[in-house]
$ cat start19.cif   # mmCIF, C-alpha atoms
data_run
loop_
_atom_site.label_atom_id
_atom_site.label_comp_id
_atom_site.auth_asym_id
_atom_site.auth_seq_id
_atom_site.Cartn_x
_atom_site.Cartn_y
_atom_site.Cartn_z
CA ILE A 1 62.54 86.58 87.93
CA SER A 2 59.56 84.63 86.67
CA LEU A 3 56.43 85.18 88.73
CA ASP A 4 54.96 81.68 88.75
CA LEU A 5 57.77 80.20 90.88
CA LYS A 6 57.99 80.54 94.64
CA LEU A 7 61.58 81.37 95.56
CA GLY A 8 63.18 80.07 98.73
CA LYS A 9 66.35 81.37 100.32
CA LYS A 10 69.37 82.48 98.32
CA VAL A 11 71.83 79.58 98.33
CA ASN A 12 74.69 81.34 96.64
CA GLU A 13 75.65 84.50 94.79
CA GLY A 14 78.49 84.77 92.32
CA LYS A 15 79.83 87.58 90.17
CA THR A 16 77.30 86.97 87.38
CA LYS A 17 74.48 84.94 88.93
CA GLU A 18 72.36 84.17 91.99
CA VAL A 19 71.12 80.74 93.07
CA TYR A 20 67.78 80.30 94.89
CA GLU A 21 66.11 77.30 96.50
CA LEU A 22 62.74 76.27 95.03
CA PRO A 23 60.48 75.03 97.86
CA ASP A 24 57.88 73.71 95.38
CA ILE A 25 60.44 71.68 93.39
CA PRO A 26 62.48 69.64 95.89
CA GLY A 27 66.07 68.99 94.82
CA CYS A 28 66.06 71.91 92.37
CA VAL A 29 67.35 75.49 92.36
CA LEU A 30 66.82 78.55 90.20
CA MET A 31 69.92 79.96 88.47
CA GLN A 32 69.30 83.67 87.96
CA SER A 33 71.76 85.54 85.69
CA LYS A 34 72.81 89.16 86.26
CA ASP A 35 73.51 91.96 83.78
CA GLN A 36 77.11 91.95 84.96
CA ILE A 37 80.35 91.29 83.08
CA THR A 38 83.65 90.82 84.93
CA ALA A 39 87.30 90.03 84.20
CA GLY A 40 90.34 89.18 86.29
CA ASN A 41 88.35 87.90 89.29
CA ALA A 42 86.15 91.02 89.13
CA ALA A 43 89.12 93.43 89.13
CA ARG A 44 87.20 94.87 86.19
CA LYS A 45 83.42 94.75 86.27
CA ASP A 46 80.68 96.53 84.37
CA ARG A 47 76.96 96.45 83.99
CA MET A 48 76.02 95.25 80.50
CA GLU A 49 72.32 95.74 79.77
CA GLY A 50 70.78 92.50 78.47
CA LYS A 51 73.71 90.25 79.37
CA ALA A 52 71.60 88.11 81.75
CA ALA A 53 69.23 87.14 78.91
CA ILE A 54 72.12 86.53 76.49
CA SER A 55 73.96 84.30 79.00
CA ASN A 56 70.80 82.40 79.88
CA THR A 57 70.02 81.69 76.21
CA THR A 58 73.58 80.52 75.60
CA THR A 59 73.73 78.26 78.66
CA SER A 60 70.26 76.79 78.05
CA CYS A 61 71.08 75.85 74.44
CA VAL A 62 74.49 74.38 75.31
CA PHE A 63 73.12 72.30 78.18
CA GLN A 64 70.18 71.12 76.06
CA LEU A 65 72.59 70.01 73.33
CA LEU A 66 74.77 68.11 75.82
CA GLN A 67 71.80 66.59 77.65
CA GLU A 68 70.21 65.35 74.41
CA ALA A 69 73.55 63.81 73.47
CA GLY A 70 73.52 61.85 76.74
CA ILE A 71 75.88 63.86 78.96
CA LYS A 72 74.70 64.02 82.60
CA THR A 73 74.08 67.64 83.53
CA ALA A 74 72.32 69.61 86.28
CA PHE A 75 70.18 71.50 83.74
CA VAL A 76 66.41 70.89 84.00
CA ARG A 77 64.77 73.58 81.85
CA LYS A 78 64.84 77.24 80.89
CA GLN A 79 62.43 79.09 83.19
CA SER A 80 62.48 82.69 81.93
CA ASP A 81 64.56 85.00 79.76
CA THR A 82 67.16 85.33 82.49
CA ALA A 83 66.86 82.17 84.61
CA PHE A 84 66.88 78.38 84.36
CA ILE A 85 66.02 75.55 86.74
CA ALA A 86 68.80 73.12 87.68
CA ALA A 87 69.24 70.13 89.96
CA HIS A 88 70.62 71.26 93.31
CA CYS A 89 74.30 70.29 93.45
CA GLU A 90 77.10 70.70 95.91
CA MET A 91 79.75 72.26 93.69
CA ILE A 92 83.26 70.85 93.41
CA PRO A 93 85.51 73.94 93.63
CA ILE A 94 87.57 73.17 90.55
CA GLU A 95 87.52 74.86 87.15
CA TRP A 96 88.29 72.26 84.50
CA VAL A 97 89.84 73.76 81.37
CA CYS A 98 90.16 71.92 78.08
CA ARG A 99 92.29 73.44 75.31
CA ARG A 100 92.68 72.61 71.63
CA ILE A 101 94.84 75.66 70.85
CA ALA A 102 97.50 77.24 73.08
CA THR A 103 96.59 80.84 73.91
CA GLY A 104 95.88 83.08 76.92
CA SER A 105 97.16 82.06 80.34
CA PHE A 106 98.68 78.83 79.01
CA LEU A 107 101.32 80.85 77.13
CA LYS A 108 102.22 82.82 80.28
CA ARG A 109 102.60 79.62 82.28
CA ASN A 110 104.52 77.79 79.55
CA PRO A 111 107.04 80.23 78.08
CA GLY A 112 108.47 79.12 74.77
CA VAL A 113 105.18 77.65 73.49
CA LYS A 114 103.95 79.71 70.55
CA GLU A 115 100.34 80.86 70.31
CA GLY A 116 98.39 78.55 68.03
CA TYR A 117 100.15 75.33 69.11
CA LYS A 118 97.55 72.56 68.77
CA PHE A 119 96.98 69.82 71.33
CA TYR A 120 96.04 66.30 70.18
CA PRO A 121 94.22 65.06 72.25
CA PRO A 122 92.99 68.33 73.76
CA LYS A 123 94.90 69.41 76.88
CA ILE A 124 93.17 69.32 80.25
CA GLU A 125 94.13 71.55 83.18
CA MET A 126 92.46 72.28 86.50
CA PHE A 127 92.37 75.33 88.72
CA TYR A 128 91.28 75.53 92.35
CA LYS A 129 88.58 78.17 92.84
CA ASP A 130 90.20 80.60 95.25
CA ASP A 131 89.70 84.27 94.39
CA ALA A 132 92.17 85.47 97.06
CA ASN A 133 94.97 83.51 95.36
CA ASN A 134 93.80 84.04 91.77
CA ASP A 135 92.59 80.46 91.20
CA PRO A 136 95.92 78.57 91.35
CA GLN A 137 96.55 75.67 88.99
CA TRP A 138 96.20 72.31 90.71
CA SER A 139 97.41 68.81 89.93
CA GLU A 140 95.32 65.65 90.18
CA GLU A 141 97.38 64.71 93.22
CA GLN A 142 96.40 67.93 95.03
CA LEU A 143 92.74 67.33 94.26
CA ILE A 144 92.88 63.75 95.55
CA GLU A 145 94.84 64.73 98.68
CA ALA A 146 92.31 67.48 99.48
CA LYS A 147 89.88 64.62 100.29
CA PHE A 148 86.87 66.78 99.41
CA CYS A 149 83.46 65.35 100.25
CA PHE A 150 80.29 66.73 98.62
CA ALA A 151 76.73 65.47 99.18
CA GLY A 152 78.28 62.40 100.80
CA LEU A 153 80.59 61.58 97.87
CA THR A 154 84.32 61.62 98.56
CA ILE A 155 86.37 62.91 95.62
CA GLY A 156 89.00 60.23 95.00
CA GLN A 157 90.90 58.92 91.98
CA THR A 158 87.78 57.46 90.33
CA GLU A 159 85.88 60.76 90.57
CA VAL A 160 88.85 62.78 89.29
CA ASP A 161 89.24 60.40 86.34
CA ILE A 162 85.51 60.67 85.56
CA MET A 163 85.65 64.50 85.58
CA ALA A 164 88.78 64.58 83.43
CA ARG A 165 87.33 62.14 80.89
CA SER A 166 83.99 64.00 80.87
CA THR A 167 85.72 67.37 80.34
CA GLN A 168 87.38 66.07 77.18
CA ALA A 169 84.13 64.56 75.83
CA ILE A 170 82.14 67.74 76.54
CA PHE A 171 84.79 69.87 74.83
CA GLU A 172 84.89 67.57 71.77
CA ILE A 173 81.09 67.58 71.42
CA LEU A 174 80.94 71.39 71.54
CA GLU A 175 83.94 71.71 69.23
CA LYS A 176 82.25 69.44 66.69
CA SER A 177 78.95 71.33 67.09
CA TRP A 178 80.52 74.70 66.24
CA GLN A 179 82.32 73.38 63.14
CA PRO A 180 79.32 73.54 60.75
CA GLN A 181 79.21 77.30 61.45
CA ASN A 182 82.92 77.58 60.63
CA CYS A 183 83.71 78.49 64.26
CA THR A 184 86.73 77.15 66.12
CA LEU A 185 86.20 76.29 69.78
CA VAL A 186 89.66 77.14 71.14
CA ASP A 187 89.19 76.23 74.80
CA LEU A 188 86.47 75.68 77.38
CA LYS A 189 86.06 76.12 81.15
CA ILE A 190 83.51 73.99 83.04
CA GLU A 191 82.58 72.97 86.59
CA PHE A 192 81.07 69.84 88.08
CA GLY A 193 78.84 69.31 91.09
CA VAL A 194 77.44 66.36 93.01
CA ASN A 195 73.66 66.10 92.60
CA ILE A 196 72.32 66.10 96.18
CA LEU A 197 69.56 63.58 95.32
CA THR A 198 71.32 61.09 93.03
CA LYS A 199 74.82 61.57 94.55
CA GLU A 200 76.36 61.48 91.09
CA ILE A 201 78.83 63.85 89.48
CA VAL A 202 77.16 66.01 86.83
CA LEU A 203 78.17 68.94 84.67
CA ALA A 204 76.84 71.94 86.59
CA ASP A 205 77.09 75.75 86.85
CA VAL A 206 76.78 77.42 83.41
CA ILE A 207 78.43 77.30 79.99
CA ASP A 208 78.01 80.70 78.38
CA ASN A 209 80.13 83.16 76.43
CA ASP A 210 82.36 83.68 79.50
CA SER A 211 83.24 79.96 79.45
CA TRP A 212 85.08 79.57 76.14
CA ARG A 213 87.11 81.16 73.39
CA LEU A 214 85.36 81.12 70.02
CA TRP A 215 87.17 82.17 66.85
CA PRO A 216 85.13 82.41 63.63
CA SER A 217 87.15 80.92 60.73
CA GLY A 218 89.82 80.03 63.32
CA ASP A 219 90.91 83.69 63.30
CA ARG A 220 91.73 85.20 66.69
CA SER A 221 91.16 88.75 65.46
CA GLN A 222 87.47 87.87 64.98
CA GLN A 223 87.03 86.53 68.56
CA LYS A 224 83.42 86.62 69.77
CA ASP A 225 83.89 85.59 73.41
CA LYS A 226 84.60 87.41 76.68
CA GLN A 227 88.25 87.86 75.68
CA SER A 228 87.04 90.85 73.62
CA TYR A 229 86.10 92.46 76.99
CA ARG A 230 89.33 91.41 78.76
CA ASP A 231 91.36 92.95 75.92
CA LEU A 232 89.77 96.43 76.19
CA LYS A 233 92.34 99.14 77.00
CA GLU A 234 89.55 101.17 78.60
CA VAL A 235 85.85 100.47 79.03
CA THR A 236 83.86 103.10 77.12
CA PRO A 237 80.14 102.87 76.28
CA GLU A 238 81.15 102.24 72.63
CA ALA A 239 83.55 99.47 73.63
CA LEU A 240 80.84 97.80 75.77
CA GLN A 241 78.45 97.94 72.80
CA MET A 242 81.05 96.11 70.69
CA VAL A 243 81.39 93.43 73.40
CA LYS A 244 77.60 93.14 73.67
CA ARG A 245 77.30 92.67 69.88
CA ASN A 246 79.79 89.79 70.13
CA PHE A 247 77.73 88.19 72.91
CA GLU A 248 74.53 88.59 70.87
CA TRP A 249 76.26 87.07 67.82
CA VAL A 250 77.02 83.96 69.90
CA ALA A 251 73.53 83.79 71.46
CA GLU A 252 71.92 83.84 68.00
CA ARG A 253 74.17 81.14 66.62
CA VAL A 254 74.15 78.89 69.67
CA GLU A 255 70.51 78.03 68.88
CA LEU A 256 71.72 76.57 65.57
CA LEU A 257 73.81 74.03 67.53
CA LEU A 258 70.55 72.19 68.24
CA LYS A 259 69.84 71.71 64.53
CA THR A 260 71.60 70.00 61.66
CA LYS A 261 71.30 70.53 57.92
CA SER A 262 72.39 67.00 57.19
CA GLN A 263 69.67 64.36 56.84
CA GLY A 264 70.08 60.62 56.83
CA ARG A 265 68.05 57.43 57.13
CA VAL A 266 68.47 53.71 57.51
CA VAL A 267 66.45 51.35 55.31
CA VAL A 268 66.27 47.81 56.64
CA LEU A 269 65.49 45.21 53.95
CA MET A 270 64.36 41.85 55.34
CA GLY A 271 64.13 38.71 53.24
CA SER A 272 61.00 37.55 55.05
CA PRO A 273 58.51 38.96 57.61
CA SER A 274 59.70 36.23 60.00
CA ASP A 275 62.80 38.42 60.55
CA LEU A 276 60.69 41.31 61.89
CA SER A 277 61.69 41.10 65.57
CA HIS A 278 65.41 41.24 64.61
CA CYS A 279 64.69 44.29 62.41
CA GLU A 280 62.68 46.06 65.13
CA LYS A 281 65.83 46.00 67.29
CA ILE A 282 67.74 47.80 64.53
CA LYS A 283 64.97 50.38 64.26
CA LYS A 284 64.90 50.96 68.02
CA ALA A 285 68.68 51.43 68.15
CA CYS A 286 68.50 53.89 65.22
CA ALA A 287 65.87 55.91 67.10
CA ALA A 288 68.28 56.28 70.04
CA PHE A 289 70.67 58.05 67.63
CA GLY A 290 67.85 60.18 66.21
CA ILE A 291 68.08 58.42 62.83
CA PRO A 292 64.84 57.67 60.91
CA CYS A 293 64.54 54.01 59.97
CA GLU A 294 62.20 52.27 57.52
CA LEU A 295 61.51 48.55 57.31
CA ARG A 296 60.81 46.77 53.98
CA VAL A 297 60.29 43.14 52.95
CA THR A 298 61.99 41.91 49.77
CA SER A 299 63.86 38.78 48.69
CA ALA A 300 66.80 39.05 46.30
CA HIS A 301 66.40 35.36 45.50
CA LYS A 302 62.65 35.28 44.88
CA GLY A 303 62.05 38.79 43.54
CA PRO A 304 65.30 40.45 42.42
CA ASP A 305 63.46 42.94 40.18
CA GLU A 306 61.42 44.15 43.17
CA THR A 307 64.55 44.41 45.37
CA LEU A 308 66.19 46.67 42.77
CA ARG A 309 63.00 48.72 42.38
CA ILE A 310 62.86 49.37 46.14
CA LYS A 311 66.55 50.32 46.05
CA ALA A 312 65.87 52.86 43.27
CA GLU A 313 63.07 54.41 45.33
CA TYR A 314 65.57 55.40 48.04
CA GLU A 315 68.35 56.45 45.68
CA GLY A 316 66.27 59.01 43.85
CA ASP A 317 65.24 61.49 46.55
CA GLY A 318 68.65 62.77 47.62
CA ILE A 319 68.49 61.64 51.27
CA PRO A 320 71.72 59.89 52.30
CA THR A 321 70.80 56.28 53.05
CA VAL A 322 72.45 53.27 54.65
CA PHE A 323 70.87 49.93 53.70
CA VAL A 324 70.85 47.08 56.22
CA ALA A 325 70.27 43.64 54.70
CA VAL A 326 68.59 41.12 57.00
CA ALA A 327 68.43 37.69 55.38
CA GLY A 328 68.68 34.31 57.09
CA ARG A 329 69.97 31.09 55.52
CA SER A 330 71.63 32.08 52.24
CA ASN A 331 72.10 35.86 52.22
CA GLY A 332 71.70 37.04 48.63
CA LEU A 333 70.16 40.34 49.72
CA GLY A 334 73.25 42.17 50.99
CA PRO A 335 75.58 41.17 48.15
CA VAL A 336 72.97 41.92 45.43
CA MET A 337 72.29 45.35 46.97
CA SER A 338 75.99 46.07 47.39
CA GLY A 339 76.67 45.19 43.75
CA ASN A 340 73.91 47.53 42.53
CA THR A 341 74.15 50.68 44.65
CA ALA A 342 76.84 53.20 45.54
CA TYR A 343 75.25 53.65 48.97
CA PRO A 344 76.66 51.76 51.99
CA VAL A 345 75.15 48.34 52.67
CA VAL A 346 75.73 46.36 55.87
CA ASN A 347 74.68 42.74 56.44
CA CYS A 348 72.98 41.89 59.71
CA PRO A 349 71.86 38.27 59.27
CA PRO A 350 69.49 36.80 61.91
CA LEU A 351 71.49 33.62 62.50
CA SER A 352 69.87 30.62 64.17
CA ALA A 353 71.83 28.25 66.38
CA ASP A 354 71.32 25.13 64.25
CA TRP A 355 72.72 26.40 60.92
CA GLY A 356 74.31 29.71 61.89
CA THR A 357 77.93 28.64 61.51
CA GLN A 358 77.29 27.56 57.88
CA ASP A 359 74.87 30.36 56.95
CA VAL A 360 77.16 33.20 58.03
CA TRP A 361 79.57 32.44 55.16
CA SER A 362 77.06 33.72 52.60
CA SER A 363 77.42 37.15 54.28
CA LEU A 364 81.20 36.97 54.70
CA ARG A 365 82.45 35.44 51.40
CA LEU A 366 81.42 37.94 48.74
CA PRO A 367 82.37 38.20 45.06
CA SER A 368 85.08 40.75 44.27
CA GLY A 369 83.97 44.35 43.79
CA LEU A 370 81.53 44.31 46.73
CA GLY A 371 82.16 46.24 49.95
CA CYS A 372 79.52 44.94 52.29
CA PRO A 373 80.55 44.45 55.95
CA THR A 374 78.71 42.08 58.29
CA THR A 375 77.73 42.65 61.89
CA LEU A 376 75.67 40.10 63.80
CA SER A 377 74.29 42.49 66.41
CA PRO A 378 71.23 44.58 65.43
CA GLU A 379 72.48 47.39 67.71
CA GLY A 380 75.87 47.11 66.02
CA ALA A 381 74.29 47.62 62.59
CA ALA A 382 72.55 50.78 63.83
CA GLN A 383 75.78 52.04 65.36
CA PHE A 384 77.66 51.43 62.10
CA ALA A 385 75.07 53.56 60.27
CA ALA A 386 75.29 56.24 62.99
CA GLN A 387 79.07 56.40 62.60
CA ILE A 388 78.64 57.02 58.86
CA PHE A 389 76.07 59.80 59.43
CA GLY A 390 78.12 61.19 62.33
CA LEU A 391 80.84 62.20 59.86
CA ASN A 392 78.73 65.22 58.87
CA ASN A 393 75.94 65.34 61.46
CA HIS A 394 77.21 66.73 64.78
CA LEU A 395 74.06 65.69 66.68
CA VAL A 396 74.55 62.01 65.80
CA TRP A 397 78.31 62.29 66.47
CA ALA A 398 77.58 63.82 69.88
CA LYS A 399 75.43 60.82 70.84
CA LEU A 400 78.17 58.40 69.76
CA ARG A 401 80.80 60.35 71.72
CA SER A 402 78.57 60.52 74.78
CA ASN A 403 77.89 56.75 74.62
CA MET A 404 81.64 56.09 74.66
CA LEU A 405 82.01 58.30 77.73
CA ASN A 406 79.07 56.77 79.61
CA THR A 407 80.27 53.22 78.91
CA TRP A 408 83.71 54.15 80.24
CA ILE A 409 82.21 55.76 83.36
CA SER A 410 80.00 52.76 84.16
CA LEU A 411 83.01 50.40 83.92
CA LYS A 412 85.03 52.74 86.15
CA GLN A 413 82.24 52.85 88.74
CA ALA A 414 81.70 49.06 88.62
CA ASP A 415 85.42 48.59 89.28
CA LYS A 416 85.31 51.00 92.25
CA LYS A 417 82.27 49.22 93.70
CA LEU A 418 83.89 45.82 93.34
CA ARG A 419 87.09 46.99 95.08
CA GLU A 420 85.06 48.49 97.93
CA CYS A 421 83.30 45.13 98.43
CA THR A 422 86.51 43.11 98.45
CA LEU A 423 88.63 45.47 100.60
#
$ encode --input "start19.cif" --output "structure tokens"
Amino acid sequence: ISLDLKLGKKVNEGKTKEVYELPDIPGCVLMQSKDQITAGNAARKDRMEGKAAISNTTTSCVFQLLQEAGIKTAFVRKQSDTAFIAAHCEMIPIEWVCRRIATGSFLKRNPGVKEGYKFYPPKIEMFYKDDANNDPQWSEEQLIEAKFCFAGLTIGQTEVDIMARSTQAIFEILEKSWQPQNCTLVDLKIEFGVNILTKEIVLADVIDNDSWRLWPSGDRSQQKDKQSYRDLKEVTPEALQMVKRNFEWVAERVELLLKTKSQGRVVVLMGSPSDLSHCEKIKKACAAFGIPCELRVTSAHKGPDETLRIKAEYEGDGIPTVFVAVAGRSNGLGPVMSGNTAYPVVNCPPLSADWGTQDVWSSLRLPSGLGCPTTLSPEGAAQFAAQIFGLNNHLVWAKLRSNMLNTWISLKQADKKLRECTL
């Protein structure tokens, strides 16, 4: 345990971790991992030297990835090799499981389904945390009827829907993040808690190599997760070394989830510096997706040679580029660019109220052979570029996916609030 933190009382102890209050950081706890590996509700358990550090690295990277994407989590920061600081939550005693491929306990519970069956969308199941009864599977109805209340928040239909929807988004983000390393995320187990300060539901607990099945090249025989421990006929020192090597393999690669090889940039071309404030909005929205954005001034009407020279500057250095054409009145910029580059071009004209209805036609009615869409919203232009880059950049895709989730959640919560006021 790191020396520079004063530990308060132990709040909780599980099979693989301990949770301590932090008197100097109100509303936070320290999650301390143990060198312990278990299976079958600890029917089998062994000490695995170094597992605490491996688990802590894995969890810290996964939570950082999700947090940077915009998912609400309890994670605050990694504190030491074997511990991290998290927001203090009252835990909801449900394990949420999301599956892309049928394997493991699903096959036992659903005889007749063959291993490898794929779920589109991924399948969500929940299990009530109850060691004595081997964590029975629960339905949404059971969870709602349990009328749980944590940190003052009653778990009703809205909260169950939010957790279910979040589980799918979190799974899809991690699935997409493992793909560049040719690893298939088969399934995932997560838990939520209610943050005692903000009273909101957040992803809590840990996500480490015990939490998922990971098959390199989609091949079960190469599994790198805890299943390799569950499958052992007997636990010998050699067998534990093999399991530990699998865990280390994951901990090394999980750090790569935070990086991407694929670059991209948006170049905004404005017909006149008077369009600057409109263009700044595009740049700001690009920054939220982590996409570099450059602003240039050029007029396809008044200086077509210069417009094409600027275009050539960005085509020659190998960085994938989306051009956004911002031209008021008669938009020659977008169509001229679109006719002279193989890169995507999107029009985002800054329309004024007096002539907007006439001016927009110069962006919409293009000569044949040009594929240049038009969006009037600066944020929409940035999002269009992000969706293009998201095709092969999992970090951008994760932000888009997280935005969809958070928009859905805020509508759901607004609806709940409105009903509570009118009831």
$ residues_near_point --input "start19.cif" --point "(87.8, 69.3, 74.8)" --cutoff "8 Å" --atoms "only C-alpha atoms" --output "list of chain:residue names"
A:Cys98, A:Arg99, A:Arg100, A:Pro122, A:Lys123, A:Ile124, A:Thr167, A:Gln168, A:Ala169, A:Ile170, A:Phe171, A:Glu172, A:Ile173, A:Leu174, A:Glu175, A:Asp187, A:Leu188
$ residues_around --input "start19.cif" --residues "Met163 in chain A" --least-positions-apart "3" --cutoff "12 Å" --atoms "all atoms listed in the file" --output "mmCIF file with C-alpha atoms, in the frame of the given file"
data_model
loop_
_atom_site.group_PDB
_atom_site.id
_atom_site.type_symbol
_atom_site.label_atom_id
_atom_site.label_comp_id
_atom_site.auth_asym_id
_atom_site.auth_seq_id
_atom_site.Cartn_x
_atom_site.Cartn_y
_atom_site.Cartn_z
ATOM 1 C CA ILE A 71 75.880 63.860 78.960
ATOM 2 C CA LYS A 72 74.700 64.020 82.600
ATOM 3 C CA ILE A 92 83.260 70.850 93.410
ATOM 4 C CA ILE A 94 87.570 73.170 90.550
ATOM 5 C CA GLU A 95 87.520 74.860 87.150
ATOM 6 C CA TRP A 96 88.290 72.260 84.500
ATOM 7 C CA VAL A 97 89.840 73.760 81.370
ATOM 8 C CA CYS A 98 90.160 71.920 78.080
ATOM 9 C CA ILE A 124 93.170 69.320 80.250
ATOM 10 C CA GLU A 125 94.130 71.550 83.180
ATOM 11 C CA MET A 126 92.460 72.280 86.500
ATOM 12 C CA GLU A 140 95.320 65.650 90.180
ATOM 13 C CA LEU A 143 92.740 67.330 94.260
ATOM 14 C CA ILE A 155 86.370 62.910 95.620
ATOM 15 C CA GLY A 156 89.000 60.230 95.000
ATOM 16 C CA GLN A 157 90.900 58.920 91.980
ATOM 17 C CA THR A 158 87.780 57.460 90.330
ATOM 18 C CA GLU A 159 85.880 60.760 90.570
ATOM 19 C CA VAL A 160 88.850 62.780 89.290
ATOM 20 C CA SER A 166 83.990 64.000 80.870
ATOM 21 C CA THR A 167 85.720 67.370 80.340
ATOM 22 C CA GLN A 168 87.380 66.070 77.180
ATOM 23 C CA ALA A 169 84.130 64.560 75.830
ATOM 24 C CA ILE A 170 82.140 67.740 76.540
ATOM 25 C CA ILE A 190 83.510 73.990 83.040
ATOM 26 C CA GLU A 191 82.580 72.970 86.590
ATOM 27 C CA PHE A 192 81.070 69.840 88.080
ATOM 28 C CA GLY A 193 78.840 69.310 91.090
ATOM 29 C CA VAL A 194 77.440 66.360 93.010
ATOM 30 C CA GLU A 200 76.360 61.480 91.090
ATOM 31 C CA ILE A 201 78.830 63.850 89.480
ATOM 32 C CA VAL A 202 77.160 66.010 86.830
ATOM 33 C CA LEU A 203 78.170 68.940 84.670
ATOM 34 C CA ALA A 204 76.840 71.940 86.590
ATOM 35 C CA LEU A 405 82.010 58.300 77.730
ATOM 36 C CA ASN A 406 79.070 56.770 79.610
ATOM 37 C CA TRP A 408 83.710 54.150 80.240
ATOM 38 C CA ILE A 409 82.210 55.760 83.360
ATOM 39 C CA LYS A 412 85.030 52.740 86.150
#
$ residues_around --input "start19.cif" --residues "Gly40 in chain A" --least-positions-apart "6" --cutoff "12 Å" --atoms "only C-alpha atoms" --output "MDAnalysis selection string"
chainID A and resid 15 105 131:135 210 226:227 229:231
$ closest_residue --input "start19.cif" --among "A:Gly369, A:Gly356, A:Pro350, A:Pro237" --to "Ile282 in chain A" --atoms "only C-alpha atoms"
A:Pro350
$ closest_residue --input "start19.cif" --among "A:Lys114, A:Val206, A:Leu214, A:Asn56" --to "Gly14 in chain A" --atoms "only C-alpha atoms"
A:Val206
$ closest_residue --input "start19.cif" --among "A:Met404, A:Leu418, A:Leu256, A:Leu269" --to "Arg165 in chain A" --atoms "all atoms listed in the file"
A:Met404
$ closest_residue --input "start19.cif" --among "A:Ile162, A:Glu313, A:Lys176, A:His88" --to "Gln413 in chain A" --atoms "all atoms listed in the file"
A:Ile162
$ closest_residue --input "start19.cif" --among "A:Asp354, A:Asp415, A:Asp305, A:Asp205" --to "Met91 in chain A" --atoms "only C-alpha atoms"
A:Asp205
$ resolve_selection --input "start19.cif" --expression "the PyMOL selection byres ((chain A and resi 199) around 9)" --output "compact mmCIF listing (two decimals) with C-alpha atoms, in the coordinates of the input"
# COMPACT_ATOMS: atom_id res chain seq x y z
CA CYS A 89 74.30 70.29 93.45
CA PHE A 150 80.29 66.73 98.62
CA ALA A 151 76.73 65.47 99.18
CA GLY A 152 78.28 62.40 100.80
CA LEU A 153 80.59 61.58 97.87
CA VAL A 194 77.44 66.36 93.01
CA ASN A 195 73.66 66.10 92.60
CA ILE A 196 72.32 66.10 96.18
CA LEU A 197 69.56 63.58 95.32
CA THR A 198 71.32 61.09 93.03
CA GLU A 200 76.36 61.48 91.09
CA ILE A 201 78.83 63.85 89.48
$ residues_around --input "start19.cif" --residues "range 272-278 of chain A" --least-positions-apart "2" --cutoff "7 Å" --atoms "only C-alpha atoms" --output "PyMOL selection string"
chain A and resi 270+280-282+297-298+350+378
$ atom_distance --input "start19.cif" --atom1 "CA of Ile388 in chain A" --atom2 "CA of Ser352 in chain A"
28.3 Å
$ residues_around --input "start19.cif" --residues "Leu257 in chain A" --least-positions-apart "2" --cutoff "7 Å" --atoms "all atoms listed in the file" --output "PDB file with C-alpha atoms, in the coordinates of the input"
ATOM      1  CA  SER A 177      78.950  71.330  67.090  1.00  0.00           C
ATOM      2  CA  TRP A 178      80.520  74.700  66.240  1.00  0.00           C
ATOM      3  CA  VAL A 254      74.150  78.890  69.670  1.00  0.00           C
ATOM      4  CA  GLU A 255      70.510  78.030  68.880  1.00  0.00           C
ATOM      5  CA  LYS A 259      69.840  71.710  64.530  1.00  0.00           C
TER       6      LYS A 259
END
$ atom_distance --input "start19.cif" --atom1 "CA of Pro373 in chain A" --atom2 "CA of Gly339 in chain A"
12.8 Å
